[in-house]
>>> print(open('coords_13.cif').read())   # mmCIF, C-alpha atoms
data_input
#
loop_
_atom_site.label_atom_id
_atom_site.label_comp_id
_atom_site.auth_asym_id
_atom_site.auth_seq_id
_atom_site.Cartn_x
_atom_site.Cartn_y
_atom_site.Cartn_z
CA MET A 231 -55.88 127.41 83.70
CA LEU A 232 -56.93 124.39 81.69
CA LYS A 233 -59.80 124.83 79.25
CA ASP A 234 -62.84 122.59 78.87
CA GLU A 235 -62.36 122.09 75.13
CA PHE A 236 -58.87 120.65 75.60
CA CYS A 237 -59.87 118.59 78.65
CA LYS A 238 -62.55 116.97 76.49
CA LYS A 239 -60.00 116.34 73.75
CA ARG A 240 -57.75 114.62 76.29
CA GLN A 241 -60.68 112.49 77.41
CA GLY A 242 -61.28 111.65 73.74
CA ARG A 243 -57.68 110.53 73.32
CA LEU A 244 -58.09 108.18 76.27
CA LEU A 245 -61.21 106.45 74.91
CA PRO A 246 -59.45 104.34 72.24
CA ILE A 247 -57.16 103.03 74.97
CA LEU A 248 -60.18 101.94 77.01
CA LYS A 249 -61.48 100.09 73.96
CA ALA A 250 -58.12 98.46 73.20
CA GLN A 251 -57.75 97.26 76.79
CA ARG A 252 -61.45 96.27 77.04
CA LEU A 253 -62.01 98.59 80.01
CA ASP A 254 -65.48 99.76 80.99
CA ALA A 255 -64.11 102.87 82.70
CA VAL A 256 -60.98 104.65 83.93
CA VAL A 257 -60.77 106.20 87.41
CA VAL A 258 -58.06 108.70 88.33
CA GLY A 259 -57.53 110.15 91.80
CA LEU A 260 -54.15 111.88 91.62
CA PRO A 261 -54.85 115.63 91.73
CA HIS A 262 -52.84 116.30 88.58
CA HIS A 263 -54.68 113.55 86.68
CA VAL A 264 -58.03 114.90 87.88
CA GLN A 265 -56.99 118.32 86.63
CA TYR A 266 -55.62 116.96 83.34
CA LEU A 267 -58.92 115.33 82.38
CA SER A 268 -61.47 117.69 83.94
CA GLY A 269 -59.83 121.08 84.39
CA HIS A 270 -60.57 120.97 88.13
CA ARG A 271 -57.57 120.71 90.44
CA PRO A 272 -58.49 119.67 94.00
CA ARG A 273 -57.25 122.11 96.60
CA THR A 274 -54.51 121.13 99.02
CA GLN A 275 -55.93 118.73 101.66
CA HIS A 276 -58.85 117.86 99.38
CA GLU A 277 -59.37 114.69 97.37
CA GLY A 278 -61.23 114.25 94.09
CA ALA A 279 -61.69 111.80 91.26
CA VAL A 280 -62.65 111.54 87.61
CA VAL A 281 -64.51 108.55 86.18
CA LEU A 282 -64.41 108.28 82.40
CA PHE A 283 -66.66 105.58 80.96
CA SER A 284 -66.01 103.84 77.66
CA ASP A 285 -68.96 105.61 76.03
CA GLY A 286 -67.33 109.00 76.76
CA ARG A 287 -69.47 109.97 79.75
CA CYS A 288 -67.41 111.71 82.44
CA VAL A 289 -68.18 112.01 86.17
CA LEU A 290 -66.23 114.34 88.49
CA ILE A 291 -66.23 114.05 92.28
CA SER A 292 -65.27 117.37 93.91
CA ALA A 293 -64.93 118.62 97.47
CA ASN A 294 -67.74 120.46 99.30
CA GLU A 295 -69.64 121.78 96.28
CA PRO A 296 -70.00 120.98 92.59
CA VAL A 297 -67.30 122.93 90.73
CA LYS A 298 -68.48 125.25 87.98
CA ALA A 299 -68.07 124.53 84.26
CA PRO A 300 -65.91 121.40 84.46
CA ALA A 301 -65.32 119.17 81.48
CA ALA A 302 -67.69 116.61 82.98
CA ASP A 303 -71.23 115.39 82.29
CA GLN A 304 -71.98 114.97 85.98
CA VAL A 305 -70.47 116.50 89.11
CA VAL A 306 -70.93 114.87 92.51
CA ALA A 307 -69.93 116.85 95.61
CA TYR A 308 -69.03 115.43 99.02
CA GLU A 309 -68.32 117.02 102.40
CA ALA A 310 -64.56 117.37 102.64
CA ASN A 311 -64.71 119.62 105.71
CA TRP A 312 -66.85 119.50 108.82
CA MET A 313 -66.99 122.90 110.55
CA SER A 314 -63.78 123.86 108.65
CA THR A 315 -61.88 120.72 109.72
CA ALA A 316 -60.54 118.68 106.81
CA ARG A 317 -61.71 115.07 107.03
CA GLN A 318 -58.96 112.45 106.99
CA ASP A 319 -61.29 109.85 105.50
CA GLN A 320 -61.74 111.74 102.23
CA PRO A 321 -60.16 109.03 100.03
CA ALA A 322 -62.69 106.48 101.28
CA VAL A 323 -65.59 108.93 100.90
CA VAL A 324 -64.61 109.79 97.33
CA ALA A 325 -64.12 106.08 96.58
CA ASP A 326 -67.67 105.35 97.77
CA HIS A 327 -69.03 107.87 95.26
CA VAL A 328 -66.88 106.38 92.50
CA LEU A 329 -68.05 102.86 93.34
CA GLY A 330 -71.65 104.04 93.18
CA ALA A 331 -71.07 105.46 89.70
CA LEU A 332 -69.35 102.26 88.56
CA GLN A 333 -72.16 100.07 89.90
CA THR A 334 -74.86 102.24 88.30
CA ARG A 335 -73.19 101.76 84.91
CA HIS A 336 -72.40 98.05 85.56
CA ALA A 337 -68.66 98.58 85.04
CA ARG A 338 -66.63 95.41 85.62
CA ARG A 339 -63.14 96.13 84.20
CA VAL A 340 -61.71 99.43 85.40
CA GLY A 341 -58.38 101.15 84.83
CA ILE A 342 -56.98 103.06 87.82
CA ASP A 343 -54.03 105.31 88.57
CA ALA A 344 -51.96 104.96 91.75
CA SER A 345 -53.59 107.30 94.27
CA ALA A 346 -55.13 107.38 97.74
CA VAL A 347 -58.62 107.30 96.24
CA THR A 348 -58.03 104.35 93.91
CA SER A 349 -56.31 102.35 96.65
CA GLU A 350 -59.61 102.49 98.51
CA ILE A 351 -61.46 101.41 95.38
CA THR A 352 -59.33 98.28 95.00
CA LEU A 353 -60.35 97.25 98.52
CA GLU A 354 -64.08 97.40 97.78
CA PHE A 355 -64.56 96.92 94.03
CA ASP A 356 -65.78 93.45 93.13
CA GLY A 357 -64.64 93.72 89.50
CA GLY A 358 -61.16 93.81 87.99
CA THR A 359 -58.77 96.79 88.27
CA HIS A 360 -55.85 97.46 85.94
CA ALA A 361 -53.03 99.99 86.34
CA ILE A 362 -53.11 102.79 83.76
CA ASP A 363 -50.33 105.04 85.11
CA SER A 364 -48.01 104.28 82.20
CA VAL A 365 -50.82 105.18 79.78
CA MET A 366 -51.35 108.51 81.52
CA TRP A 367 -47.63 109.27 81.56
CA GLN A 368 -47.38 108.79 77.81
CA MET A 369 -50.56 110.77 77.10
CA ARG A 370 -49.21 113.71 79.07
CA ARG A 371 -46.05 114.00 76.98
CA ARG A 372 -47.55 116.11 74.18
CA LYS A 373 -48.74 119.39 75.66
CA ASP A 374 -52.01 120.98 74.51
CA PRO A 375 -52.24 124.78 74.07
CA ASP A 376 -53.83 125.31 77.49
CA GLU A 377 -51.04 123.34 79.17
CA LEU A 378 -48.40 125.24 77.25
CA GLU A 379 -49.96 128.53 78.36
CA SER A 380 -49.68 127.56 82.04
CA MET A 381 -46.11 126.35 81.58
CA LYS A 382 -45.09 129.58 79.86
CA THR A 383 -46.49 131.49 82.84
CA ALA A 384 -44.34 129.39 85.19
CA ILE A 385 -41.29 129.93 82.96
CA ARG A 386 -41.97 133.67 83.00
CA CYS A 387 -41.78 133.41 86.79
CA CYS A 388 -38.31 131.89 86.40
CA GLN A 389 -37.27 134.88 84.33
CA ALA A 390 -38.51 137.27 87.03
CA MET A 391 -36.57 135.29 89.64
CA TYR A 392 -33.34 135.52 87.65
CA VAL A 393 -33.77 139.23 87.09
CA ARG A 394 -34.06 139.66 90.86
CA ALA A 395 -31.13 137.31 91.49
CA ARG A 396 -28.87 139.40 89.27
CA GLU A 397 -29.88 142.49 91.27
CA ILE A 398 -29.20 141.07 94.75
CA ILE A 399 -26.46 138.45 94.54
CA ALA A 400 -23.29 139.85 96.12
CA PRO A 401 -20.77 138.74 98.74
CA GLY A 402 -22.43 138.43 102.14
CA ILE A 403 -26.01 137.82 101.06
CA GLY A 404 -27.66 134.97 102.91
CA GLU A 405 -29.11 131.98 101.08
CA LEU A 406 -32.45 132.27 102.90
CA GLN A 407 -32.70 135.91 101.86
CA VAL A 408 -32.10 134.93 98.25
CA PHE A 409 -34.71 132.17 98.50
CA ASN A 410 -37.31 134.49 100.04
CA GLU A 411 -36.74 137.29 97.55
CA LEU A 412 -36.85 134.98 94.54
CA GLN A 413 -40.01 133.28 95.77
CA ALA A 414 -41.59 136.72 96.18
CA ALA A 415 -40.53 137.62 92.63
CA ALA A 416 -42.22 134.48 91.29
CA VAL A 417 -45.44 135.02 93.26
CA ASN A 418 -45.64 138.68 92.23
CA ASP A 419 -45.11 137.79 88.58
CA ALA A 420 -47.70 135.00 88.66
CA GLY A 421 -50.19 137.22 90.52
CA LYS A 422 -51.14 134.31 92.77
CA PRO A 423 -49.53 131.80 95.15
CA LEU A 424 -47.47 129.07 93.54
CA SER A 425 -49.31 125.75 93.30
CA ALA A 426 -46.43 123.72 94.78
CA ILE A 427 -43.69 124.35 97.31
CA LEU A 428 -40.79 126.08 95.58
CA GLY A 429 -38.03 123.49 95.32
CA ASN A 430 -34.78 122.78 93.48
CA ASP A 431 -31.40 124.38 94.30
CA PHE A 432 -30.63 127.61 96.16
CA ALA A 433 -27.17 126.88 97.59
CA CYS A 434 -23.94 128.74 96.91
CA GLY A 435 -20.43 127.31 96.59
CA THR A 436 -21.67 123.74 96.18
CA SER A 437 -23.24 121.52 93.52
CA GLY A 438 -26.76 122.22 94.72
CA GLY A 439 -29.23 121.90 97.54
CA PRO A 440 -31.80 123.93 99.49
CA ALA A 441 -31.08 127.32 101.01
CA ARG A 442 -29.15 126.99 104.27
CA LYS A 443 -29.67 128.99 107.46
CA ASP A 444 -26.88 131.43 108.31
CA HIS A 445 -24.95 130.60 105.14
CA ALA A 446 -23.76 133.62 103.17
CA ALA A 447 -22.31 133.83 99.68
CA LYS A 448 -18.58 134.48 99.34
CA ALA A 449 -16.76 136.33 96.58
CA GLY A 450 -15.47 133.91 93.94
CA GLU A 451 -18.10 131.24 94.60
CA ILE A 452 -20.67 130.17 92.02
CA TYR A 453 -24.31 130.50 93.02
CA ILE A 454 -26.34 127.73 91.35
CA LEU A 455 -29.99 128.68 91.12
CA ASP A 456 -32.00 125.76 89.75
CA MET A 457 -35.61 126.83 90.16
CA GLY A 458 -38.94 125.11 89.61
CA PRO A 459 -41.94 127.35 90.23
CA ALA A 460 -45.35 125.79 89.56
CA VAL A 461 -48.37 127.81 88.40
CA ASP A 462 -51.86 126.30 88.14
CA GLY A 463 -50.34 122.86 88.64
CA TYR A 464 -47.73 123.12 85.86
CA PHE A 465 -44.00 123.33 86.53
CA ALA A 466 -41.11 125.23 85.09
CA ASP A 467 -37.53 124.05 85.64
CA ASN A 468 -34.55 126.17 84.64
CA CYS A 469 -31.09 126.83 86.01
CA ARG A 470 -28.61 129.68 85.89
CA ALA A 471 -25.28 130.13 87.66
CA PHE A 472 -23.97 133.46 88.98
CA ALA A 473 -20.39 134.34 89.88
CA VAL A 474 -20.56 136.00 93.30
CA GLY A 475 -18.78 139.32 92.94
CA GLY A 476 -19.19 139.28 89.18
CA LYS A 477 -15.64 138.17 88.34
CA PRO A 478 -15.49 134.48 87.34
CA THR A 479 -12.07 132.84 87.30
CA ASP A 480 -10.51 131.47 84.11
CA ALA A 481 -11.34 127.91 85.25
CA GLN A 482 -14.95 128.87 85.87
CA GLN A 483 -15.23 130.64 82.54
CA GLN A 484 -13.75 127.66 80.68
CA ALA A 485 -16.18 125.25 82.34
CA TRP A 486 -19.05 127.66 81.58
CA GLN A 487 -18.08 127.69 77.90
CA ALA A 488 -18.06 123.90 77.76
CA ILE A 489 -21.56 123.85 79.26
CA VAL A 490 -22.85 126.49 76.85
CA ASP A 491 -21.43 124.43 73.98
CA ALA A 492 -23.25 121.38 75.35
CA LEU A 493 -26.56 123.25 75.28
CA SER A 494 -25.83 124.25 71.68
CA MET A 495 -25.28 120.59 70.84
CA VAL A 496 -28.67 119.69 72.28
CA GLU A 497 -30.35 122.49 70.34
CA LYS A 498 -28.79 121.31 67.07
CA MET A 499 -29.49 117.60 67.60
CA ALA A 500 -32.90 117.52 69.26
CA LYS A 501 -35.97 116.97 67.10
CA PRO A 502 -38.83 114.47 66.88
CA GLY A 503 -37.53 110.92 66.54
CA VAL A 504 -34.14 111.53 68.18
CA ARG A 505 -33.21 109.09 70.93
CA CYS A 506 -32.63 110.77 74.28
CA ARG A 507 -29.76 108.37 74.99
CA ASP A 508 -27.98 109.78 71.94
CA LEU A 509 -28.29 113.30 73.31
CA PHE A 510 -26.89 112.16 76.66
CA THR A 511 -24.04 110.28 75.01
CA ALA A 512 -23.08 113.22 72.78
CA VAL A 513 -22.88 115.64 75.72
CA ASP A 514 -21.12 113.09 77.93
CA GLU A 515 -18.46 112.52 75.25
CA HIS A 516 -18.12 116.27 74.71
CA PHE A 517 -17.35 116.81 78.40
CA ARG A 518 -14.92 113.89 78.51
CA LYS A 519 -13.05 115.38 75.57
CA VAL A 520 -12.85 119.00 76.71
CA ARG A 521 -13.06 118.59 80.49
CA GLY A 522 -11.77 115.10 81.22
CA THR A 523 -14.94 114.14 83.08
CA GLY A 524 -18.39 113.25 81.83
CA LEU A 525 -21.90 113.94 83.05
CA ARG A 526 -22.39 112.97 86.69
CA HIS A 527 -26.18 113.26 86.52
CA HIS A 528 -28.90 113.10 83.88
CA LEU A 529 -28.76 115.51 80.97
CA GLY A 530 -32.41 116.48 81.43
CA HIS A 531 -36.01 115.37 81.71
CA GLY A 532 -39.56 116.15 80.73
CA VAL A 533 -41.60 118.71 82.67
CA GLY A 534 -45.32 119.29 83.04
CA LEU A 535 -47.77 118.37 85.79
CA GLN A 536 -44.76 116.92 87.60
CA PRO A 537 -41.24 118.39 87.79
CA HIS A 538 -39.79 115.15 86.36
CA GLU A 539 -41.66 113.17 83.72
CA PHE A 540 -41.16 111.73 80.23
CA PRO A 541 -38.94 112.06 78.24
CA HIS A 542 -35.80 111.13 80.19
CA LEU A 543 -32.44 112.33 78.88
CA ASN A 544 -30.87 109.58 80.90
CA PRO A 545 -29.27 106.29 79.79
CA ARG A 546 -31.46 104.37 82.26
CA TRP A 547 -34.37 104.99 79.86
CA ASP A 548 -34.63 104.67 76.08
CA ASP A 549 -37.07 107.46 75.21
CA VAL A 550 -37.53 109.04 71.79
CA LEU A 551 -38.46 112.72 71.46
CA LEU A 552 -42.02 113.50 70.40
CA GLU A 553 -43.30 116.67 68.78
CA GLY A 554 -45.20 118.80 71.30
CA GLU A 555 -43.47 117.68 74.49
CA ILE A 556 -41.36 119.88 76.77
CA PHE A 557 -38.03 118.83 78.25
CA THR A 558 -35.08 120.41 79.99
CA ALA A 559 -31.38 120.10 79.25
CA GLU A 560 -29.18 120.82 82.28
CA PRO A 561 -25.52 119.99 81.68
CA GLY A 562 -23.22 120.76 84.59
CA GLN A 563 -19.63 120.57 85.77
CA TYR A 564 -18.53 120.49 89.39
CA GLY A 565 -15.38 120.55 91.49
CA PRO A 566 -13.34 122.56 93.99
CA GLU A 567 -11.60 124.47 91.20
CA LEU A 568 -15.03 125.81 90.25
CA ALA A 569 -15.91 126.82 93.82
CA GLY A 570 -18.79 124.37 93.77
CA GLY A 571 -19.87 123.99 90.20
CA ILE A 572 -21.78 125.38 87.27
CA ARG A 573 -25.07 124.14 85.84
CA LEU A 574 -27.16 125.76 83.13
CA GLU A 575 -30.65 124.60 82.20
CA ASN A 576 -33.09 125.59 79.49
CA GLN A 577 -36.61 124.35 78.91
CA TYR A 578 -37.38 123.31 75.34
CA LEU A 579 -40.54 122.72 73.33
CA VAL A 580 -40.08 120.02 70.68
CA THR A 581 -41.33 121.33 67.33
CA ALA A 582 -41.62 119.64 63.95
CA GLY A 583 -38.21 120.95 62.88
CA GLY A 584 -36.27 120.99 66.16
CA VAL A 585 -36.67 122.70 69.53
CA GLU A 586 -37.65 126.12 70.83
CA ASN A 587 -36.00 127.48 73.98
CA LEU A 588 -38.79 128.80 76.20
CA LEU A 589 -36.59 130.70 78.69
CA ASN A 590 -35.52 134.21 77.71
CA PHE A 591 -32.67 134.98 80.12
CA PRO A 592 -28.90 135.25 79.48
CA LEU A 593 -26.54 132.41 80.32
CA GLU A 594 -23.60 134.59 81.41
CA LEU A 595 -21.94 134.05 84.80
CA ALA A 596 -21.52 137.71 85.67
CA GLY A 597 -23.97 138.49 88.43
CA GLY A 598 -23.87 140.97 91.25
#
>>> encode(input="coords_13.cif", output="structure tokens")
Amino acid sequence: MLKDEFCKKRQGRLLPILKAQRLDAVVVGLPHHVQYLSGHRPRTQHEGAVVLFSDGRCVLISANEPVKAPAADQVVAYEANWMSTARQDQPAVVADHVLGALQTRHARRVGIDASAVTSEITLEFDGGTHAIDSVMWQMRRRKDPDELESMKTAIRCCQAMYVRAREIIAPGIGELQVFNELQAAAVNDAGKPLSAILGNDFACGTSGGPARKDHAAKAGEIYILDMGPAVDGYFADNCRAFAVGGKPTDAQQQAWQAIVDALSMVEKMAKPGVRCRDLFTAVDEHFRKVRGTGLRHHLGHGVGLQPHEFPHLNPRWDDVLLEGEIFTAEPGQYGPELAGGIRLENQYLVTAGGVENLLNFPLELAGG
């Protein structure tokens, strides 16, 4: 869970941006932005908002009752449920409370994120609104200790899922059974329900996709398990590949080695100041040289309050690595000779001298 002291530090880092952009206040309504600044994450089907004024005063709007010990100077509660029925007009109700706070403080220039709550504010606010999503995205890149703690918990769930996968993957096992057992492993390890629907890839004998009904694994296929459990709002994202039957072919083993070598390249090259395009290009050229085909998808991406965020290891962006951010590298190779494909993904913390791999689970193909 996020801690008040770090939420207040994040608010403090936002204040100079308010001053530079001559904003009287910032309003965020996306649940992960509310959580990021206040420590309070609205429950599913509930809306909330944070108003941060240029003098540092913070107001939190929460559902049904004032939340305890938030990183806020004032908490305003509203009725999100009537006789246990969730109200559909919550965004407008929350916006009314936000507008009241803005009017009380005579705010005229306000930064807003893109959310259901702030869309209602733009309809009623008689001052000027300015998008601050790009500011929030960049702020979120460097993870504070409380964020890192939540992410490590989610990554530990990945490890539990892979341990279970190695125990159960064998010819004949159904993809839905694998999905259900791995989700149970993650929930049991976290000690609570996951905070987002478990997504990513659970398909066997193909390049990826969700678990399929009545589809069973076959000996010789590769089972790609790209998993993204979320705990307390923070995501993990890691991938392992398992040879069904435990006996990878020579072609599969050769492709696996090329992918392992690509991860080693990332680990040697990545450090603060390195361009993500250069990492992509190096791995793409490596695959073209040893495999005859380059990367067919991104090399990786940042992870945090969203499964995909900055930085982007993708030539469509020109990001530079920053100390303190977390990204994945997920090189893969695919084709019929591989019985689907192989993808391996680690999650890295950028440190002053390089990167630290946060996932402690073997890369080997041999499974059940």
>>> atom_distance(input="coords_13.cif", atom1="CA of Ser349 in chain A", atom2="CA of Ile247 in chain A")
21.7 Å
>>> residues_around(input="coords_13.cif", residues="range 511-527 of chain A", least_positions_apart="5", cutoff="9 Å", atoms="only C-alpha atoms", output="ChimeraX atom specification")
/A:485,488-489,491-493,495-496,506,544-545,561-564
>>> closest_residue(input="coords_13.cif", among="A:Val533, A:Ala460, A:Lys443, A:Asp376", to="Ala416 in chain A", atoms="only C-alpha atoms")
A:Ala460
>>> atom_distance(input="coords_13.cif", atom1="CA of Val474 in chain A", atom2="CA of Tyr453 in chain A")
6.7 Å
>>> residues_around(input="coords_13.cif", residues="Arg271 in chain A", least_positions_apart="2", cutoff="7 Å", atoms="all atoms listed in the file", output="list of chain:residue names")
A:Pro261, A:His262, A:Val264, A:Gln265, A:Gly269, A:Arg273
>>> closest_atom_pairs(input="coords_13.cif", of="range 501-582 of chain A", to="range 385-397 of chain A", cutoff="12 Å", atoms="only C-alpha atoms", output="Markdown table")
| residue | atom | partner | partner_atom | distance |
| --- | --- | --- | --- | --- |
| A:Val533 | CA | A:Ile385 | CA | 11.2 |
| A:Gly534 | CA | A:Ile385 | CA | 11.4 |
| A:Ile556 | CA | A:Ile385 | CA | 11.8 |
| A:Thr558 | CA | A:Ile385 | CA | 11.7 |
| A:Glu575 | CA | A:Cys388 | CA | 11.4 |
| A:Asn576 | CA | A:Ile385 | CA | 9.9 |
| A:Gln577 | CA | A:Ile385 | CA | 8.3 |
| A:Tyr578 | CA | A:Ile385 | CA | 10.8 |
>>> residues_around(input="coords_13.cif", residues="His531 in chain A", least_positions_apart="4", cutoff="7 Å", atoms="only C-alpha atoms", output="ChimeraX atom specification")
/A:538-543,557-558
>>> decode(input="coords_13.cif", residues="range 403-488 of chain A", atoms="C-alpha atoms", output="PDB file, in the first residue's frame")
ATOM      1  CA  ILE A 403      -3.805 -29.955 -19.754  1.00  0.00           C
ATOM      2  CA  GLY A 404      -6.426 -27.417 -20.731  1.00  0.00           C
ATOM      3  CA  GLU A 405      -5.608 -23.735 -21.093  1.00  0.00           C
ATOM      4  CA  LEU A 406      -8.486 -22.684 -18.835  1.00  0.00           C
ATOM      5  CA  GLN A 407      -7.234 -25.036 -16.135  1.00  0.00           C
ATOM      6  CA  VAL A 408      -3.783 -23.483 -16.376  1.00  0.00           C
ATOM      7  CA  PHE A 409      -5.284 -19.984 -16.207  1.00  0.00           C
ATOM      8  CA  ASN A 410      -7.415 -20.824 -13.164  1.00  0.00           C
ATOM      9  CA  GLU A 411      -4.605 -22.530 -11.272  1.00  0.00           C
ATOM     10  CA  LEU A 412      -2.121 -19.740 -11.953  1.00  0.00           C
ATOM     11  CA  GLN A 413      -4.612 -17.066 -10.927  1.00  0.00           C
ATOM     12  CA  ALA A 414      -5.197 -18.986  -7.691  1.00  0.00           C
ATOM     13  CA  ALA A 415      -1.440 -19.157  -7.118  1.00  0.00           C
ATOM     14  CA  ALA A 416      -1.166 -15.379  -7.513  1.00  0.00           C
ATOM     15  CA  VAL A 417      -4.118 -14.637  -5.217  1.00  0.00           C
ATOM     16  CA  ASN A 418      -2.849 -17.030  -2.553  1.00  0.00           C
ATOM     17  CA  ASP A 419       0.618 -15.497  -2.671  1.00  0.00           C
ATOM     18  CA  ALA A 420      -0.724 -11.931  -2.500  1.00  0.00           C
ATOM     19  CA  GLY A 421      -3.114 -12.855   0.323  1.00  0.00           C
ATOM     20  CA  LYS A 422      -5.859 -10.785  -1.291  1.00  0.00           C
ATOM     21  CA  PRO A 423      -7.733 -10.476  -4.602  1.00  0.00           C
ATOM     22  CA  LEU A 424      -5.781  -9.001  -7.485  1.00  0.00           C
ATOM     23  CA  SER A 425      -6.601  -5.341  -8.125  1.00  0.00           C
ATOM     24  CA  ALA A 426      -7.118  -5.828 -11.885  1.00  0.00           C
ATOM     25  CA  ILE A 427      -8.366  -8.619 -14.111  1.00  0.00           C
ATOM     26  CA  LEU A 428      -5.511 -11.008 -14.803  1.00  0.00           C
ATOM     27  CA  GLY A 429      -4.526 -10.449 -18.422  1.00  0.00           C
ATOM     28  CA  ASN A 430      -1.698 -11.115 -20.879  1.00  0.00           C
ATOM     29  CA  ASP A 431      -1.025 -14.472 -22.591  1.00  0.00           C
ATOM     30  CA  PHE A 432      -2.109 -17.977 -21.574  1.00  0.00           C
ATOM     31  CA  ALA A 433      -2.214 -19.769 -24.938  1.00  0.00           C
ATOM     32  CA  CYS A 434      -0.191 -22.777 -26.033  1.00  0.00           C
ATOM     33  CA  GLY A 435       1.252 -23.499 -29.477  1.00  0.00           C
ATOM     34  CA  THR A 436       0.779 -19.932 -30.691  1.00  0.00           C
ATOM     35  CA  SER A 437       2.410 -16.520 -30.302  1.00  0.00           C
ATOM     36  CA  GLY A 438       0.074 -15.491 -27.501  1.00  0.00           C
ATOM     37  CA  GLY A 439      -3.480 -14.764 -26.500  1.00  0.00           C
ATOM     38  CA  PRO A 440      -6.005 -15.531 -23.753  1.00  0.00           C
ATOM     39  CA  ALA A 441      -6.781 -19.025 -22.515  1.00  0.00           C
ATOM     40  CA  ARG A 442      -9.106 -20.853 -24.906  1.00  0.00           C
ATOM     41  CA  LYS A 443     -12.023 -23.106 -23.994  1.00  0.00           C
ATOM     42  CA  ASP A 444     -11.508 -26.806 -24.746  1.00  0.00           C
ATOM     43  CA  HIS A 445      -7.957 -26.233 -25.982  1.00  0.00           C
ATOM     44  CA  ALA A 446      -5.371 -28.605 -24.540  1.00  0.00           C
ATOM     45  CA  ALA A 447      -1.595 -28.480 -24.696  1.00  0.00           C
ATOM     46  CA  LYS A 448       0.182 -30.930 -27.002  1.00  0.00           C
ATOM     47  CA  ALA A 449       3.600 -32.497 -26.583  1.00  0.00           C
ATOM     48  CA  GLY A 450       6.251 -30.514 -28.455  1.00  0.00           C
ATOM     49  CA  GLU A 451       4.381 -27.210 -28.311  1.00  0.00           C
ATOM     50  CA  ILE A 452       5.683 -24.158 -26.471  1.00  0.00           C
ATOM     51  CA  TYR A 453       3.448 -22.714 -23.773  1.00  0.00           C
ATOM     52  CA  ILE A 454       3.936 -18.929 -23.605  1.00  0.00           C
ATOM     53  CA  LEU A 455       2.898 -17.576 -20.233  1.00  0.00           C
ATOM     54  CA  ASP A 456       3.094 -13.783 -20.247  1.00  0.00           C
ATOM     55  CA  MET A 457       1.500 -12.757 -16.975  1.00  0.00           C
ATOM     56  CA  GLY A 458       0.577  -9.414 -15.434  1.00  0.00           C
ATOM     57  CA  PRO A 459      -0.864  -9.684 -11.936  1.00  0.00           C
ATOM     58  CA  ALA A 460      -1.683  -6.386 -10.209  1.00  0.00           C
ATOM     59  CA  VAL A 461      -1.506  -5.920  -6.435  1.00  0.00           C
ATOM     60  CA  ASP A 462      -2.725  -2.743  -4.703  1.00  0.00           C
ATOM     61  CA  GLY A 463      -2.999  -1.082  -8.106  1.00  0.00           C
ATOM     62  CA  TYR A 464       0.557  -1.850  -9.262  1.00  0.00           C
ATOM     63  CA  PHE A 465       1.348  -4.280 -12.069  1.00  0.00           C
ATOM     64  CA  ALA A 466       3.957  -6.896 -12.718  1.00  0.00           C
ATOM     65  CA  ASP A 467       4.656  -8.128 -16.253  1.00  0.00           C
ATOM     66  CA  ASN A 468       6.903 -11.095 -16.926  1.00  0.00           C
ATOM     67  CA  CYS A 469       7.002 -13.950 -19.411  1.00  0.00           C
ATOM     68  CA  ARG A 470       8.340 -17.480 -19.454  1.00  0.00           C
ATOM     69  CA  ALA A 471       7.993 -20.223 -22.064  1.00  0.00           C
ATOM     70  CA  PHE A 472       7.623 -23.928 -21.259  1.00  0.00           C
ATOM     71  CA  ALA A 473       8.213 -26.866 -23.587  1.00  0.00           C
ATOM     72  CA  VAL A 474       5.179 -29.122 -23.202  1.00  0.00           C
ATOM     73  CA  GLY A 475       6.528 -32.559 -22.382  1.00  0.00           C
ATOM     74  CA  GLY A 476       9.842 -31.125 -21.242  1.00  0.00           C
ATOM     75  CA  LYS A 477      11.811 -31.959 -24.399  1.00  0.00           C
ATOM     76  CA  PRO A 478      12.395 -28.880 -26.587  1.00  0.00           C
ATOM     77  CA  THR A 479      13.519 -29.482 -30.160  1.00  0.00           C
ATOM     78  CA  ASP A 480      16.890 -28.293 -31.459  1.00  0.00           C
ATOM     79  CA  ALA A 481      15.147 -25.434 -33.317  1.00  0.00           C
ATOM     80  CA  GLN A 482      13.342 -24.378 -30.164  1.00  0.00           C
ATOM     81  CA  GLN A 483      16.504 -24.552 -28.096  1.00  0.00           C
ATOM     82  CA  GLN A 484      18.436 -22.477 -30.638  1.00  0.00           C
ATOM     83  CA  ALA A 485      15.747 -19.797 -30.699  1.00  0.00           C
ATOM     84  CA  TRP A 486      15.641 -19.839 -26.886  1.00  0.00           C
ATOM     85  CA  GLN A 487      19.399 -19.247 -26.748  1.00  0.00           C
ATOM     86  CA  ALA A 488      19.130 -16.282 -29.108  1.00  0.00           C
TER      87      ALA A 488
END
